file target.cif (mmCIF, C-alpha atoms and all ligand atoms)
data_upload
loop_
_atom_site.label_atom_id
_atom_site.label_comp_id
_atom_site.auth_asym_id
_atom_site.auth_seq_id
_atom_site.Cartn_x
_atom_site.Cartn_y
_atom_site.Cartn_z
CA MET A 57 89.74 80.17 138.65
CA ARG A 58 92.83 81.56 136.95
CA MET A 59 93.69 83.74 134.02
CA LEU A 60 96.64 84.57 131.85
CA THR A 61 97.08 87.45 129.45
CA ALA A 62 99.24 87.80 126.32
CA GLY A 63 99.85 90.47 123.72
CA GLU A 64 101.89 93.60 123.07
CA SER A 65 100.75 97.22 123.17
CA HIS A 66 101.21 97.69 119.39
CA GLY A 67 100.82 94.05 118.35
CA PRO A 68 97.78 92.71 116.49
CA GLN A 69 95.68 91.85 119.56
CA LEU A 70 95.46 91.24 123.28
CA THR A 71 94.42 87.75 124.36
CA ALA A 72 93.29 86.29 127.70
CA ILE A 73 92.23 82.82 128.78
CA ILE A 74 90.11 82.29 131.87
CA GLU A 75 90.02 78.78 133.27
CA GLY A 76 87.59 77.62 135.95
CA MET A 77 84.52 79.80 135.35
CA PRO A 78 81.44 77.64 136.06
CA SER A 79 78.69 77.02 133.53
CA HIS A 80 75.38 78.90 133.20
CA ILE A 81 76.64 82.39 134.07
CA GLU A 82 75.05 84.91 131.72
CA LEU A 83 77.87 86.57 129.77
CA LEU A 84 77.56 88.83 126.72
CA ALA A 85 80.28 90.75 124.92
CA GLU A 86 78.37 93.88 125.96
CA HIS A 87 79.00 93.15 129.67
CA ILE A 88 82.75 93.28 128.99
CA ASP A 89 82.59 96.14 126.46
CA HIS A 90 80.79 98.26 129.04
CA GLU A 91 83.80 97.95 131.37
CA LEU A 92 86.27 98.47 128.50
CA ARG A 93 84.50 101.73 127.60
CA ARG A 94 84.68 102.89 131.21
CA ARG A 95 88.45 102.25 131.20
CA GLN A 96 88.94 104.30 128.05
CA THR A 97 87.26 107.41 129.36
CA GLY A 98 88.79 109.80 131.85
CA TYR A 99 90.40 113.18 131.71
CA GLY A 100 94.15 113.30 131.03
CA ARG A 101 94.54 110.48 128.49
CA GLY A 102 96.75 110.95 125.44
CA ARG A 103 96.19 110.45 121.70
CA ARG A 104 96.31 106.63 121.77
CA MET A 105 92.84 106.52 123.33
CA GLN A 106 91.48 108.33 120.28
CA ILE A 107 92.80 105.50 118.10
CA GLU A 108 91.47 102.57 120.13
CA GLN A 109 87.79 101.69 120.64
CA ASP A 110 88.18 98.49 122.61
CA ARG A 111 85.67 95.72 121.90
CA VAL A 112 85.96 92.12 123.03
CA GLN A 113 85.48 89.00 120.94
CA LEU A 114 84.35 86.03 122.98
CA ALA A 115 86.39 83.36 121.22
CA GLY A 116 85.69 80.37 123.48
CA GLY A 117 83.74 79.12 126.49
CA VAL A 118 80.50 81.04 125.86
CA ARG A 119 77.51 79.86 123.87
CA HIS A 120 74.18 81.61 123.35
CA GLY A 121 74.97 84.16 126.05
CA ARG A 122 75.99 81.72 128.79
CA THR A 123 79.26 80.24 129.97
CA THR A 124 79.62 76.54 129.23
CA GLY A 125 82.28 75.71 131.84
CA ALA A 126 85.00 75.54 129.17
CA PRO A 127 87.95 77.97 129.19
CA ILE A 128 86.84 81.45 128.18
CA ALA A 129 88.97 83.06 125.46
CA LEU A 130 88.91 86.85 125.16
CA VAL A 131 90.39 88.82 122.28
CA VAL A 132 90.71 92.60 121.95
CA GLU A 133 92.22 93.92 118.74
CA ASN A 134 94.68 96.83 118.72
CA LYS A 135 93.57 99.30 116.08
CA ASP A 136 97.01 100.96 116.26
CA TRP A 137 98.52 97.70 114.91
CA ALA A 138 97.82 99.05 111.42
CA HIS A 139 100.67 101.56 111.96
CA TRP A 140 103.08 99.08 113.53
CA GLN A 141 102.89 95.96 111.38
CA GLY A 142 106.53 96.09 110.22
CA VAL A 143 108.03 97.07 113.57
CA MET A 144 105.96 94.49 115.47
CA SER A 145 105.98 91.69 112.87
CA ALA A 146 106.20 88.17 114.33
CA GLU A 147 107.99 87.05 111.17
CA PRO A 148 111.58 88.17 110.54
CA VAL A 149 111.58 91.38 108.51
CA ALA A 150 113.85 91.75 105.50
CA ASP A 151 113.76 95.51 105.90
CA ALA A 152 117.29 96.69 106.86
CA ASP A 153 115.68 99.60 108.69
CA ALA A 154 114.03 97.32 111.26
CA GLY A 155 117.26 97.05 113.29
CA LYS A 156 117.95 100.76 112.97
CA ARG A 157 114.70 101.49 114.76
CA ALA A 158 115.95 99.65 117.86
CA LEU A 159 115.11 101.44 121.05
CA THR A 160 118.24 101.80 123.16
CA ARG A 161 117.25 104.61 125.50
CA PRO A 162 115.63 103.34 128.71
CA ARG A 163 113.01 105.66 130.19
CA PRO A 164 113.40 106.36 133.93
CA GLY A 165 110.49 104.85 135.90
CA HIS A 166 109.63 102.23 133.25
CA ALA A 167 110.51 98.53 133.01
CA ASP A 168 112.87 99.24 130.07
CA LEU A 169 116.32 98.93 131.66
CA ASN A 170 115.64 96.13 134.17
CA GLY A 171 113.75 94.13 131.56
CA GLY A 172 116.53 94.64 128.99
CA LEU A 173 119.17 93.40 131.44
CA LYS A 174 117.04 90.46 132.57
CA TYR A 175 115.95 89.21 129.12
CA ASP A 176 119.17 90.24 127.35
CA GLN A 177 117.20 92.44 124.98
CA ARG A 178 119.27 95.14 123.29
CA ASP A 179 116.13 96.48 121.63
CA LEU A 180 114.15 97.78 124.59
CA ARG A 181 110.95 97.73 122.54
CA ASN A 182 110.79 94.03 123.44
CA ILE A 183 110.31 95.13 127.05
CA LEU A 184 108.24 98.28 126.54
CA GLU A 185 105.62 96.56 124.43
CA ARG A 186 104.67 94.04 127.09
CA SER A 187 105.13 96.23 130.19
CA SER A 188 102.79 98.86 128.73
CA ALA A 189 99.58 99.64 130.58
CA ARG A 190 97.77 98.61 127.40
CA GLU A 191 97.65 95.20 129.14
CA THR A 192 95.20 96.60 131.69
CA THR A 193 92.55 96.20 128.97
CA LEU A 194 92.64 92.48 129.70
CA ARG A 195 92.72 92.89 133.48
CA VAL A 196 89.47 94.80 133.02
CA ALA A 197 87.99 92.25 130.60
CA CYS A 198 88.71 89.40 133.05
CA GLY A 199 87.39 91.45 135.97
CA ALA A 200 84.20 92.06 134.00
CA VAL A 201 83.75 88.29 133.71
CA GLY A 202 84.39 87.92 137.47
CA LYS A 203 81.80 90.63 138.10
CA ARG A 204 79.14 88.56 136.30
CA LEU A 205 79.61 85.80 138.89
CA LEU A 206 79.64 88.25 141.80
CA ALA A 207 76.52 90.02 140.52
CA ALA A 208 74.64 86.70 140.46
CA PHE A 209 75.20 86.59 144.24
CA GLY A 210 74.43 90.26 144.95
CA ILE A 211 78.08 91.31 145.39
CA ARG A 212 78.99 94.75 144.02
CA VAL A 213 82.36 96.42 143.50
CA ALA A 214 82.88 100.13 142.82
CA GLY A 215 85.93 102.35 142.48
CA HIS A 216 86.48 106.07 142.75
CA VAL A 217 89.34 108.55 142.86
CA LEU A 218 90.25 110.19 146.18
CA ARG A 219 93.21 112.28 145.05
CA ILE A 220 94.86 113.55 141.88
CA GLY A 221 98.20 115.14 142.72
CA GLU A 222 97.54 118.15 144.91
CA VAL A 223 93.73 117.88 144.74
CA ALA A 224 92.16 115.65 147.39
CA ALA A 225 88.49 114.68 147.75
CA ARG A 226 86.80 114.25 151.12
CA PRO A 227 86.67 110.62 152.35
CA TRP A 228 83.51 108.91 151.09
CA ASP A 229 81.03 107.99 153.84
CA GLY A 230 77.81 107.57 151.84
CA GLY A 231 76.16 104.60 150.13
CA LEU A 232 77.50 102.64 147.16
CA ASP A 233 74.67 103.60 144.75
CA GLU A 234 75.27 107.30 145.29
CA LEU A 235 79.05 106.82 144.95
CA VAL A 236 78.64 105.02 141.63
CA ARG A 237 76.25 107.68 140.31
CA LEU A 238 78.59 110.55 141.18
CA ALA A 239 81.87 108.88 140.17
CA GLU A 240 80.44 107.77 136.80
CA ALA A 241 79.35 111.36 136.08
CA SER A 242 82.84 112.75 136.78
CA PRO A 243 85.55 112.85 134.07
CA VAL A 244 88.09 112.10 136.83
CA ARG A 245 85.88 109.59 138.74
CA MET A 246 85.70 111.81 141.81
CA ALA A 247 82.44 111.83 143.75
CA ASP A 248 82.39 115.58 144.34
CA PRO A 249 81.75 117.79 141.24
CA GLU A 250 83.64 120.78 142.65
CA THR A 251 86.72 118.68 143.46
CA SER A 252 86.47 117.08 139.99
CA GLU A 253 86.70 120.53 138.38
CA ARG A 254 89.76 121.43 140.44
CA ALA A 255 91.39 118.08 139.62
CA MET A 256 90.88 118.67 135.87
CA ARG A 257 92.45 122.12 136.08
CA HIS A 258 95.35 120.57 138.01
CA ILE A 259 95.86 117.97 135.25
CA ASP A 260 95.88 120.82 132.69
CA GLU A 261 98.53 122.73 134.65
CA VAL A 262 100.73 119.67 135.08
CA LYS A 263 100.41 118.78 131.38
CA ALA A 264 101.27 122.36 130.34
CA ALA A 265 104.41 122.08 132.48
CA GLY A 266 105.42 118.90 130.56
CA ASP A 267 104.88 116.81 133.65
CA SER A 268 102.56 114.01 134.82
CA VAL A 269 100.50 113.39 137.95
CA GLY A 270 99.35 110.34 139.97
CA GLY A 271 96.76 109.83 142.65
CA LEU A 272 94.89 107.75 145.19
CA ILE A 273 92.07 105.33 144.30
CA GLU A 274 89.57 103.58 146.58
CA VAL A 275 87.62 100.43 145.75
CA ILE A 276 84.69 99.26 147.87
CA ALA A 277 82.98 95.85 147.64
CA GLU A 278 79.65 95.12 149.32
CA GLY A 279 77.51 92.02 149.80
CA LEU A 280 80.31 89.61 150.71
CA PRO A 281 79.77 86.84 153.23
CA ALA A 282 82.19 86.42 156.16
CA GLY A 283 84.86 83.78 155.57
CA LEU A 284 86.23 84.29 152.04
CA GLY A 285 90.00 83.70 152.10
CA SER A 286 91.67 81.84 154.94
CA HIS A 287 93.98 82.38 157.91
CA VAL A 288 95.57 78.91 157.60
CA GLN A 289 98.16 79.55 154.89
CA TRP A 290 99.95 82.73 153.83
CA ASP A 291 98.95 82.55 150.19
CA ARG A 292 95.28 81.97 150.99
CA LYS A 293 94.92 85.28 152.87
CA LEU A 294 92.55 87.18 150.63
CA ASP A 295 93.71 90.69 151.58
CA GLY A 296 97.22 89.55 150.57
CA ARG A 297 95.93 88.26 147.25
CA ILE A 298 94.05 91.46 146.55
CA ALA A 299 97.17 93.45 147.49
CA GLN A 300 99.16 91.52 144.88
CA ALA A 301 96.50 91.94 142.23
CA VAL A 302 96.36 95.70 142.85
CA GLN A 303 100.09 96.30 143.33
CA SER A 304 100.76 94.55 140.02
CA ILE A 305 98.71 97.08 138.05
CA GLN A 306 101.11 99.17 135.98
CA ALA A 307 102.43 102.23 137.91
CA PHE A 308 100.87 101.24 141.27
CA LYS A 309 103.13 101.89 144.27
CA ALA A 310 101.23 101.18 147.50
CA VAL A 311 98.11 99.40 148.77
CA GLU A 312 96.20 99.67 152.06
CA PHE A 313 93.02 98.25 153.61
CA GLY A 314 90.74 100.15 155.99
CA VAL A 315 92.75 102.56 158.15
CA GLY A 316 95.87 101.15 156.45
CA PHE A 317 99.04 103.22 156.85
CA ALA A 318 97.32 105.45 159.43
CA ALA A 319 97.27 102.47 161.84
CA ALA A 320 101.02 103.01 162.41
CA ALA A 321 100.25 106.12 164.48
CA LEU A 322 97.04 104.98 166.21
CA ARG A 323 96.34 102.96 169.36
CA GLY A 324 94.75 99.53 169.34
CA SER A 325 91.50 100.91 170.70
CA GLN A 326 91.38 103.28 167.70
CA VAL A 327 92.08 100.59 165.12
CA HIS A 328 90.05 97.48 165.94
CA ASP A 329 86.33 97.01 165.34
CA GLU A 330 84.11 95.88 168.21
CA ILE A 331 81.98 92.78 167.61
CA MET A 332 78.18 93.09 167.92
CA TYR A 333 75.27 90.70 167.52
CA ASP A 334 71.59 91.05 166.81
CA GLY A 335 69.08 88.37 165.89
CA ALA A 336 68.26 89.75 162.43
CA ARG A 337 71.78 90.73 161.29
CA GLY A 338 73.80 88.06 163.10
CA PHE A 339 77.36 89.09 163.97
CA TYR A 340 78.58 92.46 162.76
CA ARG A 341 81.22 95.08 163.57
CA ALA A 342 80.50 98.44 165.19
CA SER A 343 82.94 100.06 162.72
CA ASN A 344 84.94 98.96 159.67
CA ARG A 345 88.45 100.26 160.29
CA ALA A 346 89.78 96.83 159.22
CA GLY A 347 88.48 97.47 155.69
CA GLY A 348 86.55 94.19 155.65
CA PHE A 349 89.41 91.82 156.59
CA GLU A 350 90.57 90.10 159.76
CA GLY A 351 92.98 87.14 159.62
CA GLY A 352 93.04 87.25 155.81
CA MET A 353 89.28 86.51 155.73
CA THR A 354 86.33 88.71 154.92
CA THR A 355 84.40 89.88 158.00
CA GLY A 356 81.15 90.47 156.11
CA GLU A 357 81.67 94.25 156.34
CA PRO A 358 82.47 96.06 153.07
CA VAL A 359 85.95 95.52 151.65
CA VAL A 360 87.71 98.89 151.45
CA VAL A 361 91.04 98.98 149.61
CA ARG A 362 93.00 102.02 148.54
CA ALA A 363 96.05 102.27 146.31
CA VAL A 364 98.47 104.86 144.98
CA MET A 365 99.25 105.25 141.29
CA LYS A 366 102.52 107.05 140.65
CA PRO A 367 102.71 109.83 138.06
CA ILE A 368 103.21 108.27 134.63
CA PRO A 369 106.95 108.21 133.95
CA THR A 370 106.76 109.16 130.26
CA LEU A 371 107.36 112.89 130.56
CA TYR A 372 107.50 115.69 128.04
CA LYS A 373 109.95 117.25 130.48
CA PRO A 374 112.98 114.98 129.98
CA LEU A 375 114.71 113.08 132.78
CA ALA A 376 118.33 111.95 132.58
CA SER A 377 119.13 108.45 131.34
CA VAL A 378 121.92 106.49 129.61
CA ASP A 379 121.85 104.98 126.10
CA ILE A 380 122.51 101.22 126.47
CA ALA A 381 124.36 101.03 123.10
CA THR A 382 126.65 104.08 123.42
CA LYS A 383 126.65 104.29 127.26
CA GLN A 384 126.31 108.05 126.76
CA PRO A 385 123.93 110.11 128.88
CA PHE A 386 120.93 111.65 127.15
CA ALA A 387 117.71 113.38 128.20
CA ALA A 388 114.84 110.89 127.74
CA GLN A 389 113.15 111.55 124.41
CA ILE A 390 109.61 112.77 124.02
CA GLU A 391 107.07 109.96 123.58
CA ARG A 392 103.33 110.14 123.05
CA SER A 393 101.90 109.87 126.56
CA ASP A 394 99.02 110.35 128.96
CA SER A 395 99.50 113.11 131.54
CA CYS A 396 97.17 111.43 134.05
CA ALA A 397 95.69 107.92 133.89
CA VAL A 398 94.31 107.79 137.44
CA PRO A 399 90.60 107.80 136.40
CA ALA A 400 91.23 104.87 134.03
CA ALA A 401 93.31 103.12 136.69
CA ALA A 402 90.30 103.32 139.05
CA VAL A 403 88.38 101.13 136.58
CA VAL A 404 91.35 98.77 136.29
CA MET A 405 91.68 98.48 140.07
CA GLU A 406 87.93 97.95 140.51
CA ASN A 407 88.05 95.06 138.06
CA ALA A 408 91.28 93.61 139.51
CA VAL A 409 89.61 93.52 142.95
CA ALA A 410 86.43 92.02 141.44
CA TRP A 411 88.51 89.29 139.80
CA GLU A 412 90.18 88.29 143.11
CA LEU A 413 86.85 88.33 144.94
CA ALA A 414 85.30 86.10 142.26
CA CYS A 415 88.25 83.68 142.57
CA ALA A 416 87.88 83.61 146.36
CA PHE A 417 84.12 83.08 146.04
CA LEU A 418 84.74 80.06 143.80
CA ASP A 419 87.49 78.76 146.12
CA LYS A 420 84.89 78.59 148.88
CA PHE A 421 81.67 77.72 147.09
CA GLY A 422 83.03 76.45 143.79
CA GLY A 423 81.36 73.88 141.64
CA ASP A 424 81.09 73.33 137.94
CA SER A 425 77.69 74.92 137.42
CA PHE A 426 75.83 77.95 138.74
CA VAL A 427 73.22 75.77 140.46
CA GLU A 428 75.88 73.81 142.33
CA ILE A 429 77.57 76.98 143.58
CA GLU A 430 74.26 78.50 144.59
CA ARG A 431 73.44 75.40 146.64
CA ASN A 432 76.82 75.59 148.37
CA TYR A 433 76.42 79.30 149.04
CA ARG A 434 72.87 79.09 150.46
CA GLY A 435 73.92 76.12 152.59
CA TYR A 436 76.82 78.10 154.06
CA LEU A 437 74.61 81.12 154.80
CA GLU A 438 72.15 78.88 156.68
CA GLN A 439 74.98 77.20 158.53
CA THR A 440 76.50 80.50 159.68
CA LYS A 441 73.04 81.80 160.68
CA ARG A 442 72.73 78.86 163.08
CA PHE A 443 76.26 79.43 164.47
C1 LIG A 501 101.19 103.45 127.68
C2 LIG A 501 101.46 104.45 126.74
C3 LIG A 501 100.40 104.99 125.86
C4 LIG A 501 99.04 104.78 126.54
C5 LIG A 501 98.93 103.30 126.83
C6 LIG A 501 99.86 102.94 127.93
O1 LIG A 501 100.32 104.26 124.64
P1 LIG A 501 101.17 104.63 123.37
O2 LIG A 501 102.59 104.28 123.73
O3 LIG A 501 100.64 103.76 122.25
O4 LIG A 501 100.97 106.09 123.13
O5 LIG A 501 97.99 105.23 125.74
O6 LIG A 501 97.64 102.95 127.25
C7 LIG A 501 96.88 102.23 126.39
C8 LIG A 501 97.23 101.95 125.15
C9 LIG A 501 95.64 101.78 126.99
O7 LIG A 501 94.88 101.06 126.32
O8 LIG A 501 95.41 102.13 128.16
C10 LIG A 501 102.28 102.88 128.49
O9 LIG A 501 103.47 103.16 128.17
O10 LIG A 501 102.03 102.19 129.49
#
call {"tool": "encode", "arguments": {"input": "target.cif", "output": "structure tokens"}}
result
Amino acid sequence: MRMLTAGESHGPQLTAIIEGMPSHIELLAEHIDHELRRRQTGYGRGRRMQIEQDRVQLAGGVRHGRTTGAPIALVVENKDWAHWQGVMSAEPVADADAGKRALTRPRPGHADLNGGLKYDQRDLRNILERSSARETTLRVACGAVGKRLLAAFGIRVAGHVLRIGEVAARPWDGGLDELVRLAEASPVRMADPETSERAMRHIDEVKAAGDSVGGLIEVIAEGLPAGLGSHVQWDRKLDGRIAQAVQSIQAFKAVEFGVGFAAAALRGSQVHDEIMYDGARGFYRASNRAGGFEGGMTTGEPVVVRAVMKPIPTLYKPLASVDIATKQPFAAQIERSDSCAVPAAAVVMENAVAWELACAFLDKFGGDSFVEIERNYRGYLEQTKRF
């Protein structure tokens, strides 16, 4: 299964095509809209989120609430387009002012300057519009489709926030149901109400100082069989594929699985998970420091992946930069911005992980229809039980 996204932050719409989703998976616009709503909530967002109320149109591949096996086309309209029609027009604009509005001041920490150099764009809006995190709307919409497949096989994926700037939550060691309940109830997607309160006050302080703040997000997936992904080729290692999917989310700077970066300072006996067996459970691990992966394959233990989102680089407190037209230094201008998008990014990351897991599930058990995949999956479970 694969997907591509298109569309600009202030263009008419965002568009995605998913190819390879089997037939007979129940899929309603509401399944996707539910995830889109989750992405739009969260403490610390700016004014743009008051303009948008993201809703998907299923424009291909779904009929009477079920996938047909044809490519799935997803469309989300940008409400803000109404204010940008001239600036973002696909047709040439006669308006002499259009050129004057060219954006020549690259913002530190954004794609602006590198993208301008690479694509020879003297109007940096041509870079900004596509690099914007508005695109994460589609990463979520596609992940929501992937989740429908995973749910049909009892696989669940949940994300929560472990840190916002200076405020850290305790590591989560409870069950997934409880985690979902608590994280959904928190405006910052933190499982502990007291830490949530402190994180919100921290966001307020940072915003008042004209600054922004990042954080640490954890995504957990349960119900996976052992053997998704493969050790035999570098680009089939599923932890590597998930790392790419997560790292490519706008403003993400680092990814780890299980003990992750802490493994650098630990001994082998403190890092690896001992193998156990019992008749009812089959093979299992005594611990899950590996975060659900060995040799690029799932172990059957929960997948645990964490990632860092950097503070959003659009600051009210200006950073130094250079105008690409005049080559003169300037202090980056004030732009409408979020002060913290970590809670929203937790939803994006959750769906990005779900998408990769759904792809890996289809790589292993794939067929053209639900019934074919189910047969493959049950057959594999029986086979591994007899192993
Ligand atoms: C973004 C800047 C802001 C955010 C936007 C991502 O948008 P604007 O420039 O229109 O104020 O609100 O996020 C979204 C639109 C969204 O849907 O998440 C950026 O520069 O990445």
call {"tool": "residues_near_ligand", "arguments": {"input": "target.cif", "ligand": "ligand LIG 501 (chain A)", "cutoff": "10 Å", "atoms": "only C-alpha atoms and all ligand atoms", "output": "number ranges by chain"}}
result
A: 64-66, 92, 95-97, 101-110, 134, 136-137, 166-167, 184-194, 306-307, 368-370, 391-395, 397, 400-401, 404
call {"tool": "residues_around", "arguments": {"input": "target.cif", "residues": "His287 of chain A", "least_positions_apart": "4", "cutoff": "10 Å", "atoms": "all atoms listed in the file", "output": "CSV table (one decimal) with C-alpha atoms, in the frame of the given file"}}
result
chain,number,residue,atom,x,y,z
A,283,GLY,CA,84.9,83.8,155.6
A,291,ASP,CA,99.0,82.6,150.2
A,292,ARG,CA,95.3,82.0,151.0
A,293,LYS,CA,94.9,85.3,152.9
A,294,LEU,CA,92.6,87.2,150.6
A,350,GLU,CA,90.6,90.1,159.8
A,351,GLY,CA,93.0,87.1,159.6
A,352,GLY,CA,93.0,87.2,155.8
A,353,MET,CA,89.3,86.5,155.7
call {"tool": "atom_distance", "arguments": {"input": "target.cif", "atom1": "atom CA of Ile429 of chain A", "atom2": "atom CA of Thr71 of chain A"}}
result
27.7 Å
call {"tool": "atom_distance", "arguments": {"input": "target.cif", "atom1": "atom CA of Gly316 of chain A", "atom2": "atom CA of Ala346 of chain A"}}
result
8.0 Å
call {"tool": "closest_residue", "arguments": {"input": "target.cif", "among": "A:Glu274, A:Arg178, A:Leu205, A:Val378", "to": "Ala225 of chain A", "atoms": "all atoms listed in the file"}}
result
A:Glu274
call {"tool": "closest_residue", "arguments": {"input": "target.cif", "among": "A:Leu284, A:Ala214, A:Ala265, A:Val236", "to": "Cys415 of chain A", "atoms": "all atoms listed in the file"}}
result
A:Leu284
call {"tool": "closest_residue", "arguments": {"input": "target.cif", "among": "A:Pro399, A:Gly285, A:Gly117, A:Gly356", "to": "Gly215 of chain A", "atoms": "all atoms listed in the file"}}
result
A:Pro399
call {"tool": "residues_around", "arguments": {"input": "target.cif", "residues": "Gly335 of chain A", "least_positions_apart": "2", "cutoff": "12 Å", "atoms": "only C-alpha atoms", "output": "list in words"}}
result
Met332, Tyr333, Arg337, Gly338, Phe339, Tyr340, Lys441, Arg442 and Phe443 of chain A
call {"tool": "atom_distance", "arguments": {"input": "target.cif", "atom1": "atom CA of Arg119 of chain A", "atom2": "atom CA of Glu406 of chain A"}}
result
26.7 Å
call {"tool": "residues_around", "arguments": {"input": "target.cif", "residues": "segment 360-365 of chain A", "least_positions_apart": "4", "cutoff": "9 Å", "atoms": "only C-alpha atoms", "output": "PyMOL selection string"}}
result
chain A and resi 218+269-277+295+298-299+302-303+305-314+316+344-349+397-398+401+405+409
call {"tool": "write_last_selection", "arguments": {"input": "target.cif", "atoms": "C-alpha atoms", "output": "compact mmCIF listing (two decimals), in the coordinates of the input"}}
result
# COMPACT_ATOMS: atom_id res chain seq x y z
CA LEU A 218 90.25 110.19 146.18
CA VAL A 269 100.50 113.39 137.95
CA GLY A 270 99.35 110.34 139.97
CA GLY A 271 96.76 109.83 142.65
CA LEU A 272 94.89 107.75 145.19
CA ILE A 273 92.07 105.33 144.30
CA GLU A 274 89.57 103.58 146.58
CA VAL A 275 87.62 100.43 145.75
CA ILE A 276 84.69 99.26 147.87
CA ALA A 277 82.98 95.85 147.64
CA ASP A 295 93.71 90.69 151.58
CA ILE A 298 94.05 91.46 146.55
CA ALA A 299 97.17 93.45 147.49
CA VAL A 302 96.36 95.70 142.85
CA GLN A 303 100.09 96.30 143.33
CA ILE A 305 98.71 97.08 138.05
CA GLN A 306 101.11 99.17 135.98
CA ALA A 307 102.43 102.23 137.91
CA PHE A 308 100.87 101.24 141.27
CA LYS A 309 103.13 101.89 144.27
CA ALA A 310 101.23 101.18 147.50
CA VAL A 311 98.11 99.40 148.77
CA GLU A 312 96.20 99.67 152.06
CA PHE A 313 93.02 98.25 153.61
CA GLY A 314 90.74 100.15 155.99
CA GLY A 316 95.87 101.15 156.45
CA ASN A 344 84.94 98.96 159.67
CA ARG A 345 88.45 100.26 160.29
CA ALA A 346 89.78 96.83 159.22
CA GLY A 347 88.48 97.47 155.69
CA GLY A 348 86.55 94.19 155.65
CA PHE A 349 89.41 91.82 156.59
CA ALA A 397 95.69 107.92 133.89
CA VAL A 398 94.31 107.79 137.44
CA ALA A 401 93.31 103.12 136.69
CA MET A 405 91.68 98.48 140.07
CA VAL A 409 89.61 93.52 142.95
call {"tool": "closest_residue", "arguments": {"input": "target.cif", "among": "A:Cys198, A:Ile81, A:Leu235, A:Ala336", "to": "Val427 of chain A", "atoms": "only C-alpha atoms"}}
result
A:Ile81
call {"tool": "closest_residue", "arguments": {"input": "target.cif", "among": "A:Arg254, A:Gly202, A:Ile211, A:Gly100", "to": "Ala224 of chain A", "atoms": "all atoms listed in the file"}}
result
A:Arg254
call {"tool": "closest_residue", "arguments": {"input": "target.cif", "among": "A:Arg297, A:Lys366, A:Phe417, A:Trp290", "to": "Arg219 of chain A", "atoms": "only C-alpha atoms"}}
result
A:Lys366
call {"tool": "residues_around", "arguments": {"input": "target.cif", "residues": "segment 379-385 of chain A", "least_positions_apart": "2", "cutoff": "6 Å", "atoms": "all atoms listed in the file", "output": "list in words"}}
result
Thr160, Arg161 and Ser377 of chain A
call {"tool": "residues_around", "arguments": {"input": "target.cif", "residues": "Leu169 of chain A", "least_positions_apart": "4", "cutoff": "9 Å", "atoms": "all atoms listed in the file", "output": "list in words"}}
result
Arg161, Pro162, Arg163, Pro164, Leu173, Lys174, Leu180, Ile183 and Ile380 of chain A
call {"tool": "residues_near_point", "arguments": {"input": "target.cif", "point": "(104.2, 117.0, 133.8)", "cutoff": "7 Å", "atoms": "all atoms listed in the file", "output": "PDB file with C-alpha atoms, in the coordinates of the input"}}
result
ATOM      1  CA  VAL A 262     100.730 119.670 135.080  1.00  0.00           C
ATOM      2  CA  LYS A 263     100.410 118.780 131.380  1.00  0.00           C
ATOM      3  CA  ALA A 265     104.410 122.080 132.480  1.00  0.00           C
ATOM      4  CA  GLY A 266     105.420 118.900 130.560  1.00  0.00           C
ATOM      5  CA  ASP A 267     104.880 116.810 133.650  1.00  0.00           C
ATOM      6  CA  SER A 268     102.560 114.010 134.820  1.00  0.00           C
ATOM      7  CA  VAL A 269     100.500 113.390 137.950  1.00  0.00           C
ATOM      8  CA  LEU A 371     107.360 112.890 130.560  1.00  0.00           C
ATOM      9  CA  TYR A 372     107.500 115.690 128.040  1.00  0.00           C
ATOM     10  CA  LYS A 373     109.950 117.250 130.480  1.00  0.00           C
ATOM     11  CA  SER A 395      99.500 113.110 131.540  1.00  0.00           C
TER      12      SER A 395
END
call {"tool": "build_atoms", "arguments": {"input": "target.cif", "residues": "segment 71-78 of chain A", "atoms": "N, CA and C atoms", "output": "PDB file, keeping the file's coordinate frame"}}
result
ATOM      1  N   THR A  71      95.113  89.024 124.221  1.00  0.00           N
ATOM      2  CA  THR A  71      94.420  87.750 124.360  1.00  0.00           C
ATOM      3  C   THR A  71      94.426  87.331 125.833  1.00  0.00           C
ATOM      4  N   ALA A  72      93.311  86.836 126.330  1.00  0.00           N
ATOM      5  CA  ALA A  72      93.290  86.290 127.700  1.00  0.00           C
ATOM      6  C   ALA A  72      92.543  84.961 127.692  1.00  0.00           C
ATOM      7  N   ILE A  73      92.974  84.069 128.569  1.00  0.00           N
ATOM      8  CA  ILE A  73      92.230  82.820 128.780  1.00  0.00           C
ATOM      9  C   ILE A  73      91.874  82.735 130.258  1.00  0.00           C
ATOM     10  N   ILE A  74      90.612  82.484 130.508  1.00  0.00           N
ATOM     11  CA  ILE A  74      90.110  82.290 131.870  1.00  0.00           C
ATOM     12  C   ILE A  74      89.748  80.819 132.009  1.00  0.00           C
ATOM     13  N   GLU A  75      90.292  80.207 133.052  1.00  0.00           N
ATOM     14  CA  GLU A  75      90.020  78.780 133.270  1.00  0.00           C
ATOM     15  C   GLU A  75      89.327  78.643 134.630  1.00  0.00           C
ATOM     16  N   GLY A  76      88.226  77.901 134.664  1.00  0.00           N
ATOM     17  CA  GLY A  76      87.590  77.620 135.950  1.00  0.00           C
ATOM     18  C   GLY A  76      86.282  78.368 136.188  1.00  0.00           C
ATOM     19  N   MET A  77      85.814  79.121 135.195  1.00  0.00           N
ATOM     20  CA  MET A  77      84.520  79.800 135.350  1.00  0.00           C
ATOM     21  C   MET A  77      83.419  78.736 135.199  1.00  0.00           C
ATOM     22  N   PRO A  78      82.487  78.661 136.151  1.00  0.00           N
ATOM     23  CA  PRO A  78      81.440  77.640 136.060  1.00  0.00           C
ATOM     24  C   PRO A  78      80.484  77.878 134.893  1.00  0.00           C
TER      25      PRO A  78
END
